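Only one structure is covered here, and it is reproduced in the block below.
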Amino acid sequence: MSILEVSNLQKIYTTRFGGSKVQALSNVTFSVEKGEYVAIMGESGSGKTTLLNILAALDRPTAGKVMLEGKELSAIKEAEMATFRRENLGFVFQEFNLLDTFSIRDNILLPLVLNGEKPAELEGKLMPIAEELGIADLLNKFPYEVSGGQKQRTAVARALITNPKLILADEPTGALDSKSTDDLLRVFREINAKGQTILMVTHSTKAASHASRVLFIRDGEVFHQIYRGDCTNEQLYQKISDTLTLLTTGGEQR
């Protein structure tokens, strides 16, 4: 069953004085099944960040539509948008986006507090996630007191705390060292195995090789996609590398 449907998506940006137009997305169509783990790749300027912003309801398309569990994002009123994001989407960013004046505990709980949940219910939702991600002993620390990998696991906990329909991850391994990257990718595999739908934008072939499907964007369109099937991570890594070579050399996918 599709949880996310993207149909004929276009995005055109007009310069401030209307002198020129830039087409960031041309005609993007794809769907994501419930429980799927999808990576989106492409060169800088290919349109993948624009696509992620539209999927996150941070920007609106020029044409086409995005449906999340049958609800069209562009039909949501601006006044209701922040609540919709908190209740349906979880976000994991490259730079963590944690509040340094908040403890790890308060950073994770922030979406629930903004949703007006009762204080008595917060701890019961916090501890299972903190223990699963190995940060239960860090809850009283502040972001500047923990490592990059621990910050990113805090960000993942914050994304999961609302039980979102979809997690959107923007270059989640981009600011991490190799060990922290391996730890985060393991966490993503584990939460996906429990049924969490994940859509990740990444430049990292290694990160993408952990997904169940990889979409490639070129010139604002879906150029190609690879399904994992029975591939190991190493085999999928090689297929991704081959496709990226075609992207950078302007070749055609067969």
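Labeling convention for the structure tokens: chains A, B, ... as they appear, residues from 1 per chain, ligands from 1 in order of appearance.
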* as an MDAnalysis selection string, which residues of range 182-212 of chain A does DSSP assign to helix (DSSP H, G or I)? -> chainID A and resid 182:193 205:208
Just the selected residues (C-alpha atoms), exported as a PDB file, in the first residue's frame, please.
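Heads up, here's the output in selection_28.pdb:
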ATOM      1  CA  ASP A 182      27.827   2.920  10.567  1.00  0.00           C
ATOM      2  CA  ASP A 183      25.938   3.296  13.853  1.00  0.00           C
ATOM      3  CA  LEU A 184      23.293   5.567  12.305  1.00  0.00           C
ATOM      4  CA  LEU A 185      22.774   3.309   9.292  1.00  0.00           C
ATOM      5  CA  ARG A 186      22.320   0.371  11.658  1.00  0.00           C
ATOM      6  CA  VAL A 187      19.696   2.383  13.570  1.00  0.00           C
ATOM      7  CA  PHE A 188      17.884   3.205  10.334  1.00  0.00           C
ATOM      8  CA  ARG A 189      17.862  -0.476   9.343  1.00  0.00           C
ATOM      9  CA  GLU A 190      16.473  -1.468  12.718  1.00  0.00           C
ATOM     10  CA  ILE A 191      13.665   1.097  12.814  1.00  0.00           C
ATOM     11  CA  ASN A 192      12.796   0.320   9.200  1.00  0.00           C
ATOM     12  CA  ALA A 193      12.642  -3.403  10.062  1.00  0.00           C
ATOM     13  CA  THR A 205      26.761   5.704  -1.867  1.00  0.00           C
ATOM     14  CA  LYS A 206      27.378   3.838   1.376  1.00  0.00           C
ATOM     15  CA  ALA A 207      24.258   5.293   3.008  1.00  0.00           C
ATOM     16  CA  ALA A 208      22.134   4.621  -0.068  1.00  0.00           C
TER      17      ALA A 208
END
Could you give me, as an mmCIF file with N, CA and C atoms, in the first residue's frame, the residues within 10 Å of Leu114 in chain A, counting only C-alpha atoms and dropping anything in the same chain fewer than 6 positions from it?
data_model
loop_
_atom_site.group_PDB
_atom_site.id
_atom_site.type_symbol
_atom_site.label_atom_id
_atom_site.label_comp_id
_atom_site.auth_asym_id
_atom_site.auth_seq_id
_atom_site.Cartn_x
_atom_site.Cartn_y
_atom_site.Cartn_z
ATOM 1 N N ALA A 82 2.031 23.502 10.293
ATOM 2 C CA ALA A 82 3.003 23.122 11.321
ATOM 3 C C ALA A 82 2.510 21.927 12.123
ATOM 4 N N THR A 83 1.233 21.932 12.455
ATOM 5 C CA THR A 83 0.651 20.810 13.194
ATOM 6 C C THR A 83 0.682 19.545 12.352
ATOM 7 N N ARG A 86 4.206 18.072 12.394
ATOM 8 C CA ARG A 86 4.551 17.439 13.666
ATOM 9 C C ARG A 86 3.846 16.103 13.844
#
Which range 37-131 of chain A residues have any atom within 12 Å of an atom of range 221-240 of chain A, and for each, what is the nearest pair of atoms with distance in Å to one decimal, counting only C-alpha atoms, rows sorted by chain and number, as a Markdown table?
| residue | atom | partner | partner_atom | distance |
| --- | --- | --- | --- | --- |
| A:Tyr37 | CA | A:Arg228 | CA | 10.3 |
| A:Val38 | CA | A:Tyr227 | CA | 9.3 |
| A:Ala39 | CA | A:Gln225 | CA | 9.7 |
| A:Ile40 | CA | A:Gln225 | CA | 9.1 |
| A:Met41 | CA | A:Ile240 | CA | 9.2 |
| A:Gly42 | CA | A:Phe223 | CA | 9.2 |
| A:Glu43 | CA | A:Phe223 | CA | 11.7 |
| A:Gly45 | CA | A:Glu221 | CA | 11.6 |
| A:Ser46 | CA | A:Glu221 | CA | 8.1 |
| A:Gly47 | CA | A:Glu221 | CA | 7.9 |
| A:Lys48 | CA | A:Glu221 | CA | 9.2 |
| A:Thr50 | CA | A:Glu221 | CA | 11.6 |
| A:Leu51 | CA | A:Glu221 | CA | 10.1 |
Dump as CSV the rows for residues of range 78-120 of chain A within 10 Å of range 130-134 of chain A: closest atom pair and distance in Å with one decimal, only C-alpha atoms counted, ordered by chain and rising residue number.
residue,atom,partner,partner_atom,distance
A:Ile104,CA,A:Ala130,CA,9.9
A:Arg105,CA,A:Ala130,CA,8.9
A:Ile108,CA,A:Ala130,CA,8.9
Selection file, C-alpha atoms, as a PDB file, in the first residue's frame:
ATOM      1  CA  ILE A 104      18.952  15.955  25.198  1.00  0.00           C
ATOM      2  CA  ARG A 105      15.711  14.996  26.977  1.00  0.00           C
ATOM      3  CA  ILE A 108      13.611  14.810  22.029  1.00  0.00           C
TER       4      ILE A 108
END
* Which is closer to Val156 in chain A than all the others in A:Thr173, A:Ala79, A:Thr248, A:Ser20, using only C-alpha atoms? -> A:Thr173
